[in-house]
Amino acid sequence: MRRNVLVGLLLLPWIATPAFAQEPSADSKVVVDTLWVMITAMLVFFMNAGFGMLETGLCRAKNAVNILSKNFIVFAVSSLAFWFVGFGLMFGDGNPLVGLTGWVLGGADNSPATGDSYQGVFSALNWTGVPLFAKFFFQLVFAGTAATIVSGAVAERIKFISFIAFSFVLVAVIYPVGGHWAWGGGWLAGRGFADFAGSTVVHSIGGWAALSGVLFLGARTGKYLPGGGVRPIPGHNMGLATLGALILWLGWFGFNPGSTMAADPAAIALVALNTNMAAAAGCLSAAAVAWLAIGKPDLSMILNGTLAGLVAITAPCAYVGVGSSVIIGLIAGVLVVYAVLFFDKVRLDDPVGALSVHLVNGVFGTLAVGLFATDGGLFFGGGVSKLLVQLVGAAAVGAFVFVLSSVVWLTLRATIGIRVSVEEELEGLDAGEHGMEAYAGFVLEKEV
Amino acid sequence: MRRNVLVGLLLLPWIATPAFAQEPSADSKVVVDTLWVMITAMLVFFMNAGFGMLETGLCRAKNAVNILSKNFIVFAVSSLAFWFVGFGLMFGDGNPLVGLTGWVLGGADNSPATGDSYQGVFSALNWTGVPLFAKFFFQLVFAGTAATIVSGAVAERIKFISFIAFSFVLVAVIYPVGGHWAWGGGWLAGRGFADFAGSTVVHSIGGWAALSGVLFLGARTGKYLPGGGVRPIPGHNMGLATLGALILWLGWFGFNPGSTMAADPAAIALVALNTNMAAAAGCLSAAAVAWLAIGKPDLSMILNGTLAGLVAITAPCAYVGVGSSVIIGLIAGVLVVYAVLFFDKVRLDDPVGALSVHLVNGVFGTLAVGLFATDGGLFFGGGVSKLLVQLVGAAAVGAFVFVLSSVVWLTLRATIGIRVSVEEELEGLDAGEHGMEAYAGFVLEKEV
Amino acid sequence: MRRNVLVGLLLLPWIATPAFAQEPSADSKVVVDTLWVMITAMLVFFMNAGFGMLETGLCRAKNAVNILSKNFIVFAVSSLAFWFVGFGLMFGDGNPLVGLTGWVLGGADNSPATGDSYQGVFSALNWTGVPLFAKFFFQLVFAGTAATIVSGAVAERIKFISFIAFSFVLVAVIYPVGGHWAWGGGWLAGRGFADFAGSTVVHSIGGWAALSGVLFLGARTGKYLPGGGVRPIPGHNMGLATLGALILWLGWFGFNPGSTMAADPAAIALVALNTNMAAAAGCLSAAAVAWLAIGKPDLSMILNGTLAGLVAITAPCAYVGVGSSVIIGLIAGVLVVYAVLFFDKVRLDDPVGALSVHLVNGVFGTLAVGLFATDGGLFFGGGVSKLLVQLVGAAAVGAFVFVLSSVVWLTLRATIGIRVSVEEELEGLDAGEHGMEAYAGFVLEKEV
């Protein structure tokens with residue numbers, strides 16, 4: 001009897017998807033497009049390792065296990081959240097504000113059919129000719145990225161369970177709704193808002209959610225001194241941090257070129273090259289500015305300058321020339337250094353510079369489309385209309401995400417609490433949250 | 001004169017393979033299938049880094065060089081062993097028990113011809129239309145995985161030379177024979193035994209060989225106290241361990257989807273998604289169970305839960321729906337936590353949890369095919385016949401591998417010895433086996 | 001008014017490349033070839049992480065930030081240098097000595113048209129049917145590799161700014177001119193010089209430039225004792241070093257098979273297998289030789305033996321059989337151990353063994369084509385003519401690179417200086433060059 005109940009449960013359609021049923025005969029374009037989408041999605045998945053190593057390396061040894069745990073489990077949480085409800089809210093057919101179909105990947109779908117031949121509930125993705133599961137997998141790794149951005153900004157004082165809860169809501173609801181507007185056939189898409197791979201959709205959404213978290217969490221104990229001074233808290237493992245940044249640079253070759261969601265030779269070559277040149281330019285300009293402004297070529301600035309260039313080129317990478325990419329990267333590298341200094345000045349404590357990288361340059365990259373696009377950009381004779389649409393999109397998504405995130409952070413604060421105790425913070429979250437240490441056997445300095 | 005001998009040696013057919021001779025004209029299916037097989041094989045190769053970092057991080061600093069050396073050299077040993085004899089034993093034409101042709105990749109072969117058009121000595125692989133060298137490369141990285149599983153279980157007390165010797169025999173003989181039964185046209189294949197990517201063939205074979213090693217090696221000195229207590233021996237570098245687990249998760253997107261050995265869009269999308277969802281579910285259930293059972297969300301349990309989900313979905317990934325994958329992953333995550341506790345209770349010392357991950361969940365995953373397969377699984381109205389075949393296969397391979405491994409371990413113990421001295425163990429294997437230390441310049445605690 | 005100037009600047013052709021303009025209609029061969037070239041290029045890009053982790057791990061903790069910074073920024077520098085001028089000097093149409101067109105990727109080009117259909121200024125690359133930007137991206141990651149080789153040999157005493165300056169010149173001028181001779185339609189290409197993936201072009205060029213740097217920089221303070229003794233300076237993080245070597249092994253599956261620059265199934269399967277077998281053989285022979293010659297299987301020798309095998313097979317990988325690859329790898333593994341001992345004997349201080357790996361085995365691999373090529377190699381009945389061409393090529397490129405590099409090093413020494421002060425060297429370059437430490441919070445031993 002109990003077994004029958006179980007069998008009934010397992011026979012629910014979303015459990016018993018017949019293997020390979022969704023595609024009767026694969027033509028060769030579907031094959032190469034699917035290879036490209038799957039392989040680039042794997043590279044984007046690997047960015048979880050990049051974010052994890054970067055964030056861990058830039059924080060303190062006593063919180064390393066906690067940061068690693070957050071960055072690891074967040075993709076598991078994202079996978080479930082996006083599968084249950086997020087993908088439907090983002091890409092399911094609905095209205096200009098939100099998708100209303102396709103929960104748990106259910107509903108009609110004859111992918112990889114495209115265009116008018118497509119019949120199903122995910123019309124917003126009918127332009128890419130790959131199986132539904134490939135579309136989902138690719139979009140899932142993007143959703144996971146948004147959540148992991150938050151992780152860095154709230155590190156070293158957030159409760160583990162609260163981070164998990166926030167991440168679930170972010171990937172289940174906040175990211176998908178904002179994403180629906182731009183990529184899911186929503187109202188921004190209708191106005192011509194252009195965000196090729198997600199400067200706004202992924203990076204600024206992650207950034208706004210992070211900003212909200214930083215505001216409600218407050219700074220790490222001891223970071224800002226009563227008299228107005230700022231105490232530097234150096235990262236504990238620059239090898240891990242640098243490895244993380246290189247993995248992210250690699251992963252971006254999946255992120256941006258993969259967003260073609262088709263094996264289009266000219267497009268992926270252009271997008272990959274633009275991505276690389278902006279990264280290189282951001283690296284060099286951040287190094288130079290840090291050298292001049294701080295006195296030394298600080299490695300964390302070099303890393304963040306590169307990531308800033310990558311975030312900034314994410315929206316425009318398919319719409320601009322290689323030279324423009326270099327200029328966008330150079331600007332991004334300058335922006336990130338001054339943004340880091342600015343956030344410390346206004347006492348918003350962001351241990352890894354996530355706001356400076358993802359929020360500031362996510363917005364800048366979105367606007368850069370309006371400035372540098374060869375078709376319609378201000379600097380290329382296109383007037384200001386494109387720029388205005390970009391501005392409206394960046395602002396609208398930002399306002400929505402910031403408000404909704406604040407509601408979630410406040411709700412969590414009022415219920416399970418969002419911040420560990422000062423005692424736990426001083427001892428390190430590894431002991432308090434996980435009962436273990438990251439570097440057993442090493443002698444560490446006592447913090448004072 | 002001597003040069004003539006050398007020339008003669010070099011002219012042996014297996015040395016002088018004419019470049020590009022095996023494929024007169026490549027049609028487009030061969031091209032995309034080969035790209036897919038080669039790229040996924042590279043991802044599986046990268047799992048060597050994943051296992052190496054995971055195992056090193058979960059053990060002690062004083063043995064890090066030894067563990068890194070083992071995990072690094074094992075793939076070199078595997079490459080030679082599988083090339084010389086393993087591939088022939090596994091996939092060469094022979095009888096239901098063992099392959100008997102194709103040593104050193106020799107013998108007739110007109111790959112990438114498939115099916116009835118195939119003429120050669122590797123008939124068991126005639127279903128995949130890629131060049132012979134691509135078949136070999138893909139199968140080699142799988143063979144290497146089996147050997148590296150053993151490494152974790154026997155860590156921190158095995159002699160370096162003995163591990164090399166055992167690995168050679170495992171990849172040259174034990175793994176290929178077991179693999180021949182299921183994948184090489186052997187008797188299990190004939191009965192319909194289904195193991196899509198190797199829960200049994202790779203993971204449980206590695207696991208049984210590891211179990212045998214653990215039994216004959218004994219526990220690490222000081223792990224189990226005379227009065228019945230268990231002394232926890234924490235890992236020394238959780239950053240490396242977490243990185244390793246993420247590399248393994250990435251590598252599994254080669255392992256499972258690559259096992260299509262063809263660029264079949266629907267199949268690879270389904271398999272990749274199932275793989276990811278089982279990993280995510282295993283991660284979350286292990287975290288929850290650890291939180292409840294141990295009191296804290298232990299990071300090593302989170303990592304091992306994910307790997308458990310991955311191992312468990314390896315056999316059924318192409319045969320089950322996405323919902324079933326989530327359930328399989330959830331179960332795997334629970335299993336691994338209790339298995340770790342169980343092995344400590346029976347005093348089988350497995351420093352990294354390799355038995356709990358690969359053996360327990362390798363067997364579970366194999367049985368899961370009989371339970372969850374949409375075509376013939378017990379929970380989907382298929383009765384018990386499929387489940388019984390899976391049970392027979394898992395048991396037969398397990399018995400064979402355990403017995404043969406035991407013979408090898410006993411032989412090694414009687415000859416060169418398998419365990420380092422207690423003095424060397426206490427000082428660390430890095431000094432004794434390699435004459436160097438992993439962290440020169442760091443102050444480490446003295447172990448007591 | 002100022003805006004008009006800016007607009008004018010941005011409208012320069014190299015900035016305003018119209019998106020996707022270079023390829024009217026993609027046929028399916030162009031698609032798969034481009035996927036292969038782009039994906040393998042990404043793997044080669046990832047070698048930056050491999051070199052960075054290997055070099056950092058093999059040096060001291062007090063110089064880790066500096067080494068990480070060098071290895072990270074060098075690819076940004078390379079990207080700009082190769083885009084501005086390097087690619088044009090190497091592959092632009094010109095004369096047998098140097099390319100003279102194609103600065104900043106400008107000039108006519110109708111890629112992916114091939115052969116006689118190709119019309120443009122990069123005739124030397126008209127054999128590969130991918131978009132120009134894909135050709136550039138693939139060649140860029142190779143150029144970056146050459147620069148990063150130098151980094152290891154000059155580590156722990158070079159000024160950061162001088163390394164950046166040298167790298168710029170190397171990638172802008174020295175590497176491209178040497179590369180033009182062999183790959184860019186230059187005089188060596190005309191004589192049949194064969195270097196499939198760059199044993200000479202990439203590895204020995206990097207190696208000769210490094211040798212020149214080591215000569216002009218001098219040894220690290222305290223490395224060679226007045227009485228003739230050699231003080232071993234052990235690496236500080238063997239986990240990072242081993243990870244780096246595994247990333248490099250992975251990256252080489254992009255480096256060598258990707259050099260087909262076409263999705264040719266038989267060729268890429270053969271090249272990948274040869275690459276792997278030479279690596280495995282080099283690993284094992286270096287381990288064995290170290291065991292016999294030094295007394296223990298030193299991990300750094302195991303890693304360098306593998307890399308030696310990879311460097312040595314880079315030139316011949318497409319021209320030899322699998323058995324020959326094993327032999328080439330075995331020889332490389334022996335060479336690298338004795339080369340390390342030799343360079344210490346002649347007091348050339350190379351902290352990571354870059355000369356032994358890249359220079360010695362780059363030359364050996366180049367000659368191995370003349371010995372082992374199934375078509376024309378000495379051991380396969382081809383006489384000495386092929387070997388002589390290889391010898392001429394290796395020597396000519398070496399002489400050119402060594403002389404030009406020496407001019408650059410001497411110029412830098414006479415201007416901004418190339419070596420940090422002894423005080424800074426003893427304290428560590430992290431403090432002096434970057435004002436930070438790699439392992440904040442860890443207790444490190446004082447060096448004496």
# chains A, B, ... in the order shown; residues from 1 in each chain; ligands from 1

$ residues_around --residues "segment 404-406 of chain A" --least-positions-apart "6" --cutoff "9 Å" --atoms "only C-alpha atoms" --output "list in words"
Phe166, Val169, Leu170, Ile174, Trp208, Ala209, Ala210, Ser212, Gly213, Leu215 and Phe216 of chain A

$ interface_residues --of "chain A" --to "chain C" --cutoff "6 Å" --atoms "only C-alpha atoms" --output "PyMOL selection string"
chain A and resi 236-238+265-267+269+280+296-299+321-324+379+443-445

$ residues_around --residues "Trp127 of chain A" --least-positions-apart "4" --cutoff "12 Å" --atoms "only C-alpha atoms" --output "tab-separated table (two decimals) with all heavy atoms, in the first residue's frame"
chain	number	residue	atom	x	y	z
A	33	ASP	N	24.75	23.11	-32.30
A	33	ASP	CA	24.25	24.10	-31.35
A	33	ASP	C	24.19	23.52	-29.94
A	33	ASP	O	24.54	24.20	-28.96
A	33	ASP	CB	22.86	24.61	-31.77
A	33	ASP	CG	22.91	25.50	-32.99
A	33	ASP	OD1	24.02	25.83	-33.46
A	33	ASP	OD2	21.84	25.87	-33.51
A	111	SER	N	10.80	21.64	-28.39
A	111	SER	CA	12.21	21.93	-28.69
A	111	SER	C	12.84	20.67	-29.23
A	111	SER	O	12.48	19.56	-28.80
A	111	SER	CB	12.96	22.36	-27.42
A	111	SER	OG	12.40	23.52	-26.87
A	112	PRO	N	13.80	20.77	-30.10
A	112	PRO	CA	14.52	21.97	-30.56
A	112	PRO	C	13.86	22.71	-31.73
A	112	PRO	O	14.57	23.46	-32.40
A	112	PRO	CB	15.86	21.38	-30.98
A	112	PRO	CG	15.54	20.02	-31.45
A	112	PRO	CD	14.40	19.54	-30.64
A	113	ALA	N	12.58	22.50	-31.95
A	113	ALA	CA	11.93	23.30	-32.99
A	113	ALA	C	12.06	24.77	-32.65
A	113	ALA	O	12.04	25.14	-31.47
A	113	ALA	CB	10.47	22.91	-33.11
A	114	THR	N	12.19	25.61	-33.68
A	114	THR	CA	12.40	27.04	-33.43
A	114	THR	C	11.37	27.89	-34.17
A	114	THR	O	10.67	27.40	-35.06
A	114	THR	CB	13.80	27.49	-33.91
A	114	THR	OG1	13.92	27.14	-35.29
A	114	THR	CG2	14.89	26.84	-33.09
A	115	GLY	N	11.31	29.14	-33.77
A	115	GLY	CA	10.47	30.11	-34.47
A	115	GLY	C	9.02	29.68	-34.52
A	115	GLY	O	8.46	29.21	-33.53
A	116	ASP	N	8.42	29.82	-35.68
A	116	ASP	CA	7.00	29.50	-35.80
A	116	ASP	C	6.74	28.01	-35.61
A	116	ASP	O	5.61	27.62	-35.29
A	116	ASP	CB	6.49	29.94	-37.17
A	116	ASP	CG	6.48	31.47	-37.29
A	116	ASP	OD1	6.53	32.12	-36.23
A	116	ASP	OD2	6.44	31.97	-38.42
A	117	SER	N	7.74	27.20	-35.82
A	117	SER	CA	7.54	25.76	-35.64
A	117	SER	C	7.47	25.37	-34.17
A	117	SER	O	7.05	24.26	-33.84
A	117	SER	CB	8.68	24.97	-36.29
A	117	SER	OG	8.84	25.36	-37.62
A	118	TYR	N	7.93	26.25	-33.32
A	118	TYR	CA	7.94	25.91	-31.91
A	118	TYR	C	6.54	25.93	-31.33
A	118	TYR	O	5.77	26.87	-31.54
A	118	TYR	CB	8.81	26.90	-31.12
A	118	TYR	CG	8.76	26.64	-29.62
A	118	TYR	CD1	9.50	25.60	-29.07
A	118	TYR	CD2	7.95	27.39	-28.79
A	118	TYR	CE1	9.43	25.33	-27.72
A	118	TYR	CE2	7.88	27.14	-27.43
A	118	TYR	CZ	8.62	26.10	-26.89
A	118	TYR	OH	8.55	25.82	-25.55
A	122	PHE	N	7.46	27.71	-23.51
A	122	PHE	CA	8.65	28.53	-23.30
A	122	PHE	C	8.98	29.32	-24.57
A	122	PHE	O	10.07	29.24	-25.13
A	122	PHE	CB	9.84	27.65	-22.90
A	122	PHE	CG	9.59	26.82	-21.67
A	122	PHE	CD1	9.37	25.46	-21.76
A	122	PHE	CD2	9.56	27.41	-20.40
A	122	PHE	CE1	9.15	24.69	-20.63
A	122	PHE	CE2	9.34	26.65	-19.27
A	122	PHE	CZ	9.13	25.27	-19.37
A	123	SER	N	7.99	30.10	-25.03
A	123	SER	CA	8.14	30.80	-26.31
A	123	SER	C	9.33	31.75	-26.32
A	123	SER	O	9.94	31.99	-27.37
A	123	SER	CB	6.88	31.61	-26.61
A	123	SER	OG	5.74	30.80	-26.50
A	131	PRO	N	17.61	21.15	-27.36
A	131	PRO	CA	16.59	20.51	-26.52
A	131	PRO	C	16.26	21.37	-25.29
A	131	PRO	O	17.12	22.13	-24.82
A	131	PRO	CB	17.25	19.19	-26.09
A	131	PRO	CG	18.29	18.92	-27.13
A	131	PRO	CD	18.78	20.26	-27.58
A	132	LEU	N	15.07	21.20	-24.78
A	132	LEU	CA	14.64	21.98	-23.62
A	132	LEU	C	15.61	21.83	-22.45
A	132	LEU	O	15.93	22.80	-21.76
A	132	LEU	CB	13.24	21.53	-23.18
A	132	LEU	CG	12.70	22.20	-21.92
A	132	LEU	CD1	12.57	23.71	-22.10
A	132	LEU	CD2	11.36	21.60	-21.52
A	135	LYS	N	18.50	24.06	-22.85
A	135	LYS	CA	18.14	25.45	-22.52
A	135	LYS	C	18.13	25.64	-21.00
A	135	LYS	O	18.65	26.63	-20.47
A	135	LYS	CB	16.75	25.78	-23.07
A	135	LYS	CG	16.64	25.76	-24.59
A	135	LYS	CD	15.18	26.02	-25.03
A	135	LYS	CE	15.04	25.86	-26.53
A	135	LYS	NZ	13.63	26.03	-26.99
A	183	TRP	N	14.88	39.03	-20.76
A	183	TRP	CA	15.18	37.86	-21.59
A	183	TRP	C	13.97	36.95	-21.79
A	183	TRP	O	14.02	36.05	-22.63
A	183	TRP	CB	16.31	37.03	-20.97
A	183	TRP	CG	17.65	37.67	-21.04
A	183	TRP	CD1	18.02	38.79	-21.73
A	183	TRP	CD2	18.85	37.20	-20.40
A	183	TRP	NE1	19.35	39.06	-21.56
A	183	TRP	CE2	19.89	38.09	-20.75
A	183	TRP	CE3	19.15	36.12	-19.58
A	183	TRP	CZ2	21.20	37.93	-20.29
A	183	TRP	CZ3	20.45	35.95	-19.12
A	183	TRP	CH2	21.47	36.86	-19.48
A	184	GLY	N	12.94	37.11	-20.98
A	184	GLY	CA	11.84	36.15	-21.01
A	184	GLY	C	10.61	36.67	-21.75
A	184	GLY	O	9.50	36.20	-21.51
A	185	GLY	N	10.82	37.63	-22.64
A	185	GLY	CA	9.70	38.18	-23.38
A	185	GLY	C	8.93	39.24	-22.61
A	185	GLY	O	7.80	39.58	-22.96
A	259	SER	N	26.32	32.60	-24.87
A	259	SER	CA	25.01	33.25	-24.91
A	259	SER	C	24.47	33.41	-26.33
A	259	SER	O	23.32	33.81	-26.51
A	259	SER	CB	25.08	34.61	-24.22
A	259	SER	OG	25.22	34.42	-22.82
A	260	THR	N	25.31	33.10	-27.32
A	260	THR	CA	24.75	32.95	-28.66
A	260	THR	C	23.73	31.82	-28.68
A	260	THR	O	22.81	31.83	-29.48
A	260	THR	CB	25.85	32.60	-29.67
A	260	THR	OG1	26.53	31.42	-29.20
A	260	THR	CG2	26.87	33.73	-29.80
A	261	MET	N	23.91	30.85	-27.79
A	261	MET	CA	23.11	29.63	-27.76
A	261	MET	C	22.99	29.00	-29.15
A	261	MET	O	22.01	28.33	-29.47
A	261	MET	CB	21.73	29.87	-27.12
A	261	MET	CG	21.86	30.22	-25.63
A	261	MET	SD	20.31	30.20	-24.70
A	261	MET	CE	20.07	28.44	-24.41
A	262	ALA	N	24.00	29.22	-29.95
A	262	ALA	CA	24.07	28.63	-31.29
A	262	ALA	C	25.52	28.65	-31.72
A	262	ALA	O	26.26	29.56	-31.35
A	262	ALA	CB	23.22	29.42	-32.28

$ atom_distance --atom1 "atom CA of Ala146 of chain A" --atom2 "atom CA of His203 of chain A"
6.2 Å

$ residues_around --residues "Phe400 of chain C" --least-positions-apart "3" --cutoff "12 Å" --atoms "only C-alpha atoms" --output "list of chain:residue names"
C:Leu97, C:Val173, C:Ile174, C:Tyr175, C:Pro176, C:Val177, C:Gly178, C:Gly179, C:Trp181, C:Val201, C:Ser204, C:Ile205, C:Trp208, C:Ala209, C:Ser212, C:Gly393, C:Ala394, C:Ala395, C:Ala396, C:Val397, C:Val403, C:Leu404, C:Ser405, C:Ser406, C:Val407

$ closest_residue --among "B:Gly229, B:Gly377, B:Gly398, B:Gly152" --to "Lys345 of chain B" --atoms "only C-alpha atoms"
B:Gly229

$ residues_around --residues "Leu367 of chain C" --least-positions-apart "2" --cutoff "10 Å" --atoms "only C-alpha atoms" --output "list in words"
Ala194, Asp195, Ser199, Thr200, Ala312, Ala315, Pro316, Asn361, Gly362, Val363, Phe364, Gly365, Val369, Gly370, Leu371, Phe372, Gly377, Lys386, Leu387, Leu388, Val389, Gln390, Leu391, Val392, Gly393 and Ala394 of chain C

$ residues_around --residues "Thr101 of chain C" --least-positions-apart "3" --cutoff "6 Å" --atoms "only C-alpha atoms" --output "list in words"
Gly88, Gly92 and Asp93 of chain C

$ write_last_selection --atoms "N, CA, C and O atoms" --output "compact mmCIF listing (two decimals), in the first residue's frame"
# COMPACT_ATOMS: atom_id res chain seq x y z
N GLY C 88 50.38 40.83 -36.60
CA GLY C 88 50.76 41.31 -37.93
C GLY C 88 52.18 40.92 -38.29
O GLY C 88 52.44 40.44 -39.40
N GLY C 92 51.02 38.43 -40.77
CA GLY C 92 50.72 39.35 -41.85
C GLY C 92 51.61 39.07 -43.06
O GLY C 92 52.74 38.61 -42.91
N ASP C 93 51.10 39.34 -44.24
CA ASP C 93 51.92 39.16 -45.43
C ASP C 93 53.13 40.08 -45.34
O ASP C 93 53.04 41.21 -44.87

$ residues_around --residues "Tyr224 of chain A" --least-positions-apart "3" --cutoff "10 Å" --atoms "only C-alpha atoms" --output "PDB file with N, CA, C and O atoms, in the first residue's frame"
ATOM      1  N   ALA A 219      28.569  46.273   8.731  1.00  0.00           N
ATOM      2  CA  ALA A 219      29.963  45.953   8.447  1.00  0.00           C
ATOM      3  C   ALA A 219      30.487  44.892   9.406  1.00  0.00           C
ATOM      4  O   ALA A 219      29.929  44.656  10.480  1.00  0.00           O
ATOM      5  N   ARG A 220      31.577  44.250   9.003  1.00  0.00           N
ATOM      6  CA  ARG A 220      32.250  43.314   9.902  1.00  0.00           C
ATOM      7  C   ARG A 220      32.764  44.065  11.132  1.00  0.00           C
ATOM      8  O   ARG A 220      33.215  45.215  11.021  1.00  0.00           O
ATOM      9  N   THR A 221      32.696  43.402  12.245  1.00  0.00           N
ATOM     10  CA  THR A 221      33.170  44.003  13.496  1.00  0.00           C
ATOM     11  C   THR A 221      34.642  44.385  13.364  1.00  0.00           C
ATOM     12  O   THR A 221      35.471  43.554  12.982  1.00  0.00           O
ATOM     13  N   GLY A 227      36.666  56.552  14.992  1.00  0.00           N
ATOM     14  CA  GLY A 227      37.141  57.861  14.586  1.00  0.00           C
ATOM     15  C   GLY A 227      37.043  58.148  13.096  1.00  0.00           C
ATOM     16  O   GLY A 227      37.438  59.206  12.636  1.00  0.00           O
ATOM     17  N   GLY A 228      36.589  57.165  12.326  1.00  0.00           N
ATOM     18  CA  GLY A 228      36.480  57.388  10.891  1.00  0.00           C
ATOM     19  C   GLY A 228      37.479  56.585  10.074  1.00  0.00           C
ATOM     20  O   GLY A 228      37.435  56.567   8.863  1.00  0.00           O
ATOM     21  N   GLY A 229      38.381  55.927  10.746  1.00  0.00           N
ATOM     22  CA  GLY A 229      39.384  55.163  10.031  1.00  0.00           C
ATOM     23  C   GLY A 229      38.837  53.853   9.485  1.00  0.00           C
ATOM     24  O   GLY A 229      37.792  53.364   9.925  1.00  0.00           O
ATOM     25  N   VAL A 230      39.547  53.322   8.527  1.00  0.00           N
ATOM     26  CA  VAL A 230      39.185  52.029   7.931  1.00  0.00           C
ATOM     27  C   VAL A 230      40.317  51.058   8.188  1.00  0.00           C
ATOM     28  O   VAL A 230      41.475  51.339   7.865  1.00  0.00           O
ATOM     29  N   ARG A 231      39.987  49.928   8.788  1.00  0.00           N
ATOM     30  CA  ARG A 231      41.017  48.926   9.047  1.00  0.00           C
ATOM     31  C   ARG A 231      41.067  47.947   7.883  1.00  0.00           C
ATOM     32  O   ARG A 231      40.083  47.275   7.597  1.00  0.00           O
ATOM     33  N   PRO A 232      42.188  47.842   7.198  1.00  0.00           N
ATOM     34  CA  PRO A 232      42.262  46.852   6.116  1.00  0.00           C
ATOM     35  C   PRO A 232      42.236  45.437   6.695  1.00  0.00           C
ATOM     36  O   PRO A 232      42.858  45.170   7.720  1.00  0.00           O
ATOM     37  N   ASP A 344      34.251  51.931   0.745  1.00  0.00           N
ATOM     38  CA  ASP A 344      34.855  52.001   2.073  1.00  0.00           C
ATOM     39  C   ASP A 344      34.604  53.365   2.713  1.00  0.00           C
ATOM     40  O   ASP A 344      34.430  53.473   3.933  1.00  0.00           O
ATOM     41  N   LYS A 345      34.580  54.393   1.880  1.00  0.00           N
ATOM     42  CA  LYS A 345      34.363  55.748   2.400  1.00  0.00           C
ATOM     43  C   LYS A 345      32.957  55.870   2.991  1.00  0.00           C
ATOM     44  O   LYS A 345      32.777  56.497   4.046  1.00  0.00           O
ATOM     45  N   ARG A 347      31.353  53.454   4.124  1.00  0.00           N
ATOM     46  CA  ARG A 347      31.242  52.411   5.144  1.00  0.00           C
ATOM     47  C   ARG A 347      30.281  51.298   4.787  1.00  0.00           C
ATOM     48  O   ARG A 347      29.553  50.774   5.627  1.00  0.00           O
ATOM     49  N   LEU A 348      30.290  50.949   3.500  1.00  0.00           N
ATOM     50  CA  LEU A 348      29.580  49.732   3.085  1.00  0.00           C
ATOM     51  C   LEU A 348      30.631  48.644   2.949  1.00  0.00           C
ATOM     52  O   LEU A 348      31.476  48.688   2.054  1.00  0.00           O
ATOM     53  N   ASP A 349      30.577  47.674   3.835  1.00  0.00           N
ATOM     54  CA  ASP A 349      31.658  46.705   3.957  1.00  0.00           C
ATOM     55  C   ASP A 349      31.439  45.515   3.029  1.00  0.00           C
ATOM     56  O   ASP A 349      30.562  44.684   3.257  1.00  0.00           O
TER      57      ASP A 349
END

$ closest_residue --among "C:Ile158, C:Ala308, C:Leu211, C:Cys317" --to "Asn256 of chain C" --atoms "only C-alpha atoms"
C:Cys317

$ select_by_dssp --residues "segment 126-340 of chain A" --states "alpha helix (DSSP H)" --output "number ranges by chain"
A: 132-153, 160-169, 175-183, 187-190, 205-217, 238-258, 265-293, 299-314, 322-340

$ select_by_dssp --residues "segment 114-322 of chain C" --states "strand (DSSP E or B)" --output "list of chain:residue names"
C:Gly120, C:Ile158, C:Tyr224, C:Val230

$ closest_residue --among "C:Leu359, C:Leu270, C:Ala155, C:Leu100" --to "Glu425 of chain C" --atoms "only C-alpha atoms"
C:Ala155
